[in-house]
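Notes to accompany the following structure.
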Amino acid sequence: MTPKCWRLSKISIPTTTIGWSFSAPSSPLRIRYIPDQRMVESKSLKLYLFSFRNHGDFHEDCVNIIMNDLNRLMEPRYIEVQGLFVPRGGIAIHPFANFGRPGTKYETLANHRMMNYRLN
């Protein structure tokens, strides 16, 4: 059943340990998406994200992998993933990845969100 209105699902994971910097004391991950036919089940998402604890990629790569995997799984109208990684004694990294279904208003939304993403 296709939703008749826009529904924005926002998932906030308060603390994750993703990527090669395993010493992050608090690294929230935010996932926002507008579903179409499928949604992600929270326990499955949690187990999937836990698999990144031993993942050796950079934070930016992990955010892109997560966004691409969820996009393939759910085929949402729009999705964005934001990491707020603050490693101990290091540099804060806030990667952002998004995707809007091509040829739709969601593609325009994705472009707008990317161009207006706060870089500070």
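Ligands are numbered from 1 in the order shown, residues from 1 within each chain, and chains are lettered A, B, ... in the order they appear in the structure tokens.
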
Neighbours of range 59-75 of chain A within 8 Å (only C-alpha atoms; same-chain residues fewer than 2 positions away dropped), as number ranges by chain? A: 18-20, 35-40, 52, 57, 77, 79-83, 85, 93, 95-99

Store the residues of this selection in a file with C-alpha atoms, as a PDB file, in the first residue's frame.
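File out_24.pdb, as written:
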```pdb
ATOM      1  CA  ILE A  18      31.496   3.026  13.185  1.00  0.00           C
ATOM      2  CA  GLY A  19      34.591   3.096  11.028  1.00  0.00           C
ATOM      3  CA  TRP A  20      38.250   2.943  11.818  1.00  0.00           C
ATOM      4  CA  PRO A  35       9.312   5.514   2.560  1.00  0.00           C
ATOM      5  CA  ASP A  36       7.482   4.102  -0.402  1.00  0.00           C
ATOM      6  CA  GLN A  37       6.414   0.461  -0.085  1.00  0.00           C
ATOM      7  CA  ARG A  38       8.960  -0.791   2.468  1.00  0.00           C
ATOM      8  CA  MET A  39      10.403   0.381   5.756  1.00  0.00           C
ATOM      9  CA  VAL A  40      13.260  -0.912   7.873  1.00  0.00           C
ATOM     10  CA  PHE A  52      30.085  -1.689  11.553  1.00  0.00           C
ATOM     11  CA  ASP A  57      36.492   2.077   6.480  1.00  0.00           C
ATOM     12  CA  ARG A  77      11.378   8.112  -2.126  1.00  0.00           C
ATOM     13  CA  ILE A  79      16.813   9.071   2.241  1.00  0.00           C
ATOM     14  CA  GLU A  80      19.599  10.834   4.081  1.00  0.00           C
ATOM     15  CA  VAL A  81      22.198   9.607   6.538  1.00  0.00           C
ATOM     16  CA  GLN A  82      24.262  11.896   8.728  1.00  0.00           C
ATOM     17  CA  GLY A  83      27.081  10.922  11.038  1.00  0.00           C
ATOM     18  CA  PHE A  85      31.536  11.572  14.705  1.00  0.00           C
ATOM     19  CA  ILE A  93      33.697  14.548  11.166  1.00  0.00           C
ATOM     20  CA  PRO A  95      29.567  13.194   6.800  1.00  0.00           C
ATOM     21  CA  PHE A  96      26.201  13.576   5.058  1.00  0.00           C
ATOM     22  CA  ALA A  97      24.827  11.459   2.209  1.00  0.00           C
ATOM     23  CA  ASN A  98      21.406  11.622   0.601  1.00  0.00           C
ATOM     24  CA  PHE A  99      19.411  10.324  -2.361  1.00  0.00           C
TER      25      PHE A  99
END
```

Write down as a list in words the residues of range 45-107 of chain A whose backbone DSSP state falls under strand (DSSP E). Tyr78, Ile79, Glu80, Val81, Gln82, Gly83, Phe96, Ala97, Asn98, Phe99 and Gly100 of chain A

Find the spatial neighbours of range 41-45 of chain A, counting only C-alpha atoms, within a cut-off of 10 Å - ignore same-chain residues fewer than 5 positions away - and output them as a list in words. Ile11, Phe50, Ser51 and Leu70 of chain A

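The two atoms in question, CA of Ser27 in chain A and CA of Leu84 in chain A, are spaced 5.5 Å apart.
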
Excluding range 108-112 of chain A and its own-chain neighbours fewer than 2 positions away, which residues fall within 10 Å of it when counting only C-alpha atoms? Please give them as a short mmCIF file (atom, residue, chain, number, x, y, z; two decimals) with N, CA and C atoms, in the first residue's frame.
```
data_model
loop_
_atom_site.label_atom_id
_atom_site.label_comp_id
_atom_site.auth_asym_id
_atom_site.auth_seq_id
_atom_site.Cartn_x
_atom_site.Cartn_y
_atom_site.Cartn_z
N TYR A 78 12.95 9.17 -0.62
CA TYR A 78 14.08 10.03 -0.23
C TYR A 78 14.74 9.42 0.99
N ILE A 79 16.08 9.54 1.06
CA ILE A 79 16.81 9.07 2.24
C ILE A 79 18.04 9.95 2.45
N GLU A 80 18.35 10.16 3.74
CA GLU A 80 19.60 10.83 4.08
C GLU A 80 20.17 10.20 5.34
N ALA A 97 25.12 12.05 3.52
CA ALA A 97 24.83 11.46 2.21
C ALA A 97 23.32 11.41 2.05
N ASN A 98 22.85 11.70 0.83
CA ASN A 98 21.41 11.62 0.60
C ASN A 98 21.12 11.17 -0.82
N PHE A 99 19.85 10.80 -1.04
CA PHE A 99 19.41 10.32 -2.36
C PHE A 99 17.92 10.58 -2.48
N GLY A 100 17.53 11.10 -3.62
CA GLY A 100 16.13 11.28 -3.96
C GLY A 100 15.84 10.54 -5.25
N ARG A 101 14.71 9.91 -5.33
CA ARG A 101 14.34 9.14 -6.51
C ARG A 101 14.43 10.02 -7.76
N PRO A 102 15.23 9.60 -8.77
CA PRO A 102 15.43 10.40 -9.97
C PRO A 102 14.12 10.69 -10.71
N GLY A 103 14.04 11.91 -11.24
CA GLY A 103 12.89 12.30 -12.04
C GLY A 103 11.65 12.65 -11.22
N THR A 104 11.80 12.78 -9.90
CA THR A 104 10.67 13.10 -9.03
C THR A 104 11.01 14.34 -8.20
N LYS A 105 10.02 14.81 -7.46
CA LYS A 105 10.26 15.95 -6.56
C LYS A 105 11.25 15.59 -5.47
N TYR A 106 11.45 14.30 -5.22
CA TYR A 106 12.39 13.87 -4.19
C TYR A 106 13.84 14.07 -4.64
N MET A 114 21.17 18.86 0.07
CA MET A 114 22.63 18.81 -0.04
C MET A 114 23.21 20.22 -0.16
N MET A 115 22.60 21.06 -0.97
CA MET A 115 23.12 22.40 -1.19
C MET A 115 22.93 23.30 0.05
N ASN A 116 21.98 22.97 0.91
CA ASN A 116 21.73 23.77 2.09
C ASN A 116 22.17 23.10 3.39
N TYR A 117 22.93 22.03 3.26
CA TYR A 117 23.44 21.33 4.43
C TYR A 117 24.42 22.24 5.16
#
```
